[in-house]
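Read through the structure below, which is laid out as C-alpha cells, and then see the notes.
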Amino acid sequence: MLSSKDDVENFGELVAPLNVKYVILAHEADWEWYDFLYRQADLALVLENGEIALFRNAHPVARAYGVDSVVYVENLEEYLELSQTQDVMEHLYILGGGTSVGNYNPMEKLDLVEKSPARYQIEGSQRNHTIFTIPQRVSGEWEYNGQLAMKNLGFMPAFESDEEGGSVVYKRFYYAYLPSYILSLIALAFMGWYYFYRSKQEPS
C-alpha cells in the first residue's frame, strides 16, 4: 500500500476494516516520507506539534460489522484499486481466486461485548457475513458459534452471520495457552510444596 502512497487519497477508508479511528505520525527522521497523510480526503488533522501529528479517521469504522458482499482479490494492490469505486466497509475481501457474490448493501455495525481477551459476544446480523476486528495482540484461530473463520484481507476473522448472535472465541487460548498456564501453576505449586517439605525435614 505504501508503495502506491502518492496515488492514495482515501487512506482512512483503506484502514477502516482494521477499526483504525486515529493515525499518529511521529516526527522522526523519515517522517516526511509519510506526508501523503496530509493529502487524504478522509483524514482530519486534529493536533500537530513538533513531535507528532494526529489525524482522525472520518470514514465509518466498526469493531464488528455485517456485510452481504464477498469480493475475491488477488492481492492488496487490487484491493487498493477497488477502493476507488466501492466502499470497502461494505464487502468481505478474500485473498485468492473465486467468484464474487452478494449485494452491495451498507455495512451493519454490530454491538460487541468483551467477555475476556479470548471471548467476545457479538450481536446478531441480518447481513450474510459478520466481520470481527481482532485485537492486535491476538491473532490466529477464532471461531463463531463453532464456525472456523474466513479471513477478511487475509487476517481478519469473518463468518457466516447468525441472526441470534453468539460468541467469538479464540480457540488457541483454550487448547494451547490455557493448559500451559495450568501446567505452569501446578509446577510452581509443586516446587513451593517441595521447598516447604524439604525445609521441614532439615534438622534445625
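We name chains A, B, ... following the order of the C-alpha cells; residues begin at 1 in each chain, and ligands are numbered from 1 as shown.
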
With only C-alpha atoms as the counted atoms, please give the residues lying no more than 8 Å from A:Glu164, apart from itself and same-chain residues fewer than 6 positions off, as a VMD selection string.
chain A and resid 123 to 125

Using C-alpha atoms, can you write the selected residues to a file as a compact mmCIF listing (two decimals), in the first residue's frame?
# COMPACT_ATOMS: atom_id res chain seq x y z
CA GLU A 123 -24.94 -9.04 18.19
CA GLY A 124 -26.88 -10.95 15.54
CA SER A 125 -26.82 -9.65 11.98

All strand (DSSP E or B) positions in stretch 2-176 of chain A, as a PyMOL selection string:
chain A and resi 22-26+43-48+52-57+64-67+69-73+91-95+101+108-109+112-116+119-122+129-132+142-144+147-148+150-152+156-160+166-170

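Distance-wise, atom CA of A:Pro17 and atom CA of A:Val61 end up 6.7 Å apart.
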
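If you measure from each of A:Tyr72, A:Tyr34, A:Tyr79, A:Tyr120 to A:Gly102 using only C-alpha atoms, the closest one turns out to be A:Tyr72.
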
Please produce, as JSON lines, a per-residue contact table for stretch 4-107 of chain A versus stretch 144-158 of chain A (criterion: any atom at most 12 Å away, only C-alpha atoms considered), showing the nearest atom pair and its distance in Å to one decimal, sorted by chain then residue number.
{"residue": "A:Leu14", "atom": "CA", "partner": "A:Leu153", "partner_atom": "CA", "distance": 10.8}
{"residue": "A:Val15", "atom": "CA", "partner": "A:Leu153", "partner_atom": "CA", "distance": 10.8}
{"residue": "A:Ala16", "atom": "CA", "partner": "A:Leu153", "partner_atom": "CA", "distance": 11.9}
{"residue": "A:Pro17", "atom": "CA", "partner": "A:Met156", "partner_atom": "CA", "distance": 8.4}
{"residue": "A:Leu18", "atom": "CA", "partner": "A:Met156", "partner_atom": "CA", "distance": 8.1}
{"residue": "A:Asn19", "atom": "CA", "partner": "A:Met156", "partner_atom": "CA", "distance": 10.9}
{"residue": "A:Arg63", "atom": "CA", "partner": "A:Met156", "partner_atom": "CA", "distance": 10.8}
{"residue": "A:Ala64", "atom": "CA", "partner": "A:Ala158", "partner_atom": "CA", "distance": 9.5}
{"residue": "A:Tyr65", "atom": "CA", "partner": "A:Ala158", "partner_atom": "CA", "distance": 9.6}
{"residue": "A:Gly66", "atom": "CA", "partner": "A:Ala158", "partner_atom": "CA", "distance": 9.3}
{"residue": "A:Val67", "atom": "CA", "partner": "A:Ala158", "partner_atom": "CA", "distance": 10.0}
{"residue": "A:Asp68", "atom": "CA", "partner": "A:Ala158", "partner_atom": "CA", "distance": 11.8}
{"residue": "A:Ser69", "atom": "CA", "partner": "A:Asn152", "partner_atom": "CA", "distance": 11.8}
{"residue": "A:Val70", "atom": "CA", "partner": "A:Asn152", "partner_atom": "CA", "distance": 9.5}
{"residue": "A:Val71", "atom": "CA", "partner": "A:Asn152", "partner_atom": "CA", "distance": 9.7}
{"residue": "A:Tyr72", "atom": "CA", "partner": "A:Leu153", "partner_atom": "CA", "distance": 9.4}
{"residue": "A:Val73", "atom": "CA", "partner": "A:Leu153", "partner_atom": "CA", "distance": 8.7}
{"residue": "A:Glu74", "atom": "CA", "partner": "A:Leu153", "partner_atom": "CA", "distance": 10.2}
{"residue": "A:Asn75", "atom": "CA", "partner": "A:Leu153", "partner_atom": "CA", "distance": 8.7}
{"residue": "A:Leu76", "atom": "CA", "partner": "A:Leu153", "partner_atom": "CA", "distance": 7.7}
{"residue": "A:Glu77", "atom": "CA", "partner": "A:Leu153", "partner_atom": "CA", "distance": 11.3}
{"residue": "A:Glu78", "atom": "CA", "partner": "A:Leu153", "partner_atom": "CA", "distance": 11.0}
{"residue": "A:Tyr79", "atom": "CA", "partner": "A:Leu153", "partner_atom": "CA", "distance": 8.5}
{"residue": "A:Leu80", "atom": "CA", "partner": "A:Leu153", "partner_atom": "CA", "distance": 11.2}
{"residue": "A:Val88", "atom": "CA", "partner": "A:Leu153", "partner_atom": "CA", "distance": 10.5}
{"residue": "A:Met89", "atom": "CA", "partner": "A:Asn152", "partner_atom": "CA", "distance": 10.8}
{"residue": "A:Glu90", "atom": "CA", "partner": "A:Asn152", "partner_atom": "CA", "distance": 11.8}
{"residue": "A:His91", "atom": "CA", "partner": "A:Asn152", "partner_atom": "CA", "distance": 9.0}
{"residue": "A:Leu92", "atom": "CA", "partner": "A:Asn152", "partner_atom": "CA", "distance": 5.7}
{"residue": "A:Tyr93", "atom": "CA", "partner": "A:Asn152", "partner_atom": "CA", "distance": 5.1}
{"residue": "A:Ile94", "atom": "CA", "partner": "A:Asn152", "partner_atom": "CA", "distance": 5.6}
{"residue": "A:Leu95", "atom": "CA", "partner": "A:Gly154", "partner_atom": "CA", "distance": 5.9}
{"residue": "A:Gly96", "atom": "CA", "partner": "A:Gly154", "partner_atom": "CA", "distance": 9.3}

Coordinates-based distance that separates atom CA of A:Phe132 from atom CA of A:Ala44 (Å, one decimal):
25.4 Å

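Minimum atom-to-atom distances from A:Ser83, A:Asn57, A:Thr133, A:Thr99 to A:Val168 were compared using only C-alpha atoms, and the lowest value belongs to A:Thr133.
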
If you run DSSP on the backbone here, which positions in stretch 11-180 of chain A get helix (DSSP H, G or I)? Please write them as a ChimeraX atom specification.
/A:11-18,31-39,76-82,88-90,171-180

A straight line from atom CA of A:Asp162 to atom CA of A:Asp87 spans 23.4 Å

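Considering the residues A:Arg56, A:Lys5, A:Lys171, A:His129 and counting only C-alpha atoms, A:Phe36 has its shortest atom-to-atom contact with A:Lys5.
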
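Each of A:Val169, A:Gln126, A:Phe11, A:Ala58 was compared to A:Glu141 using only C-alpha atoms, and A:Val169 turns out to be the nearest.
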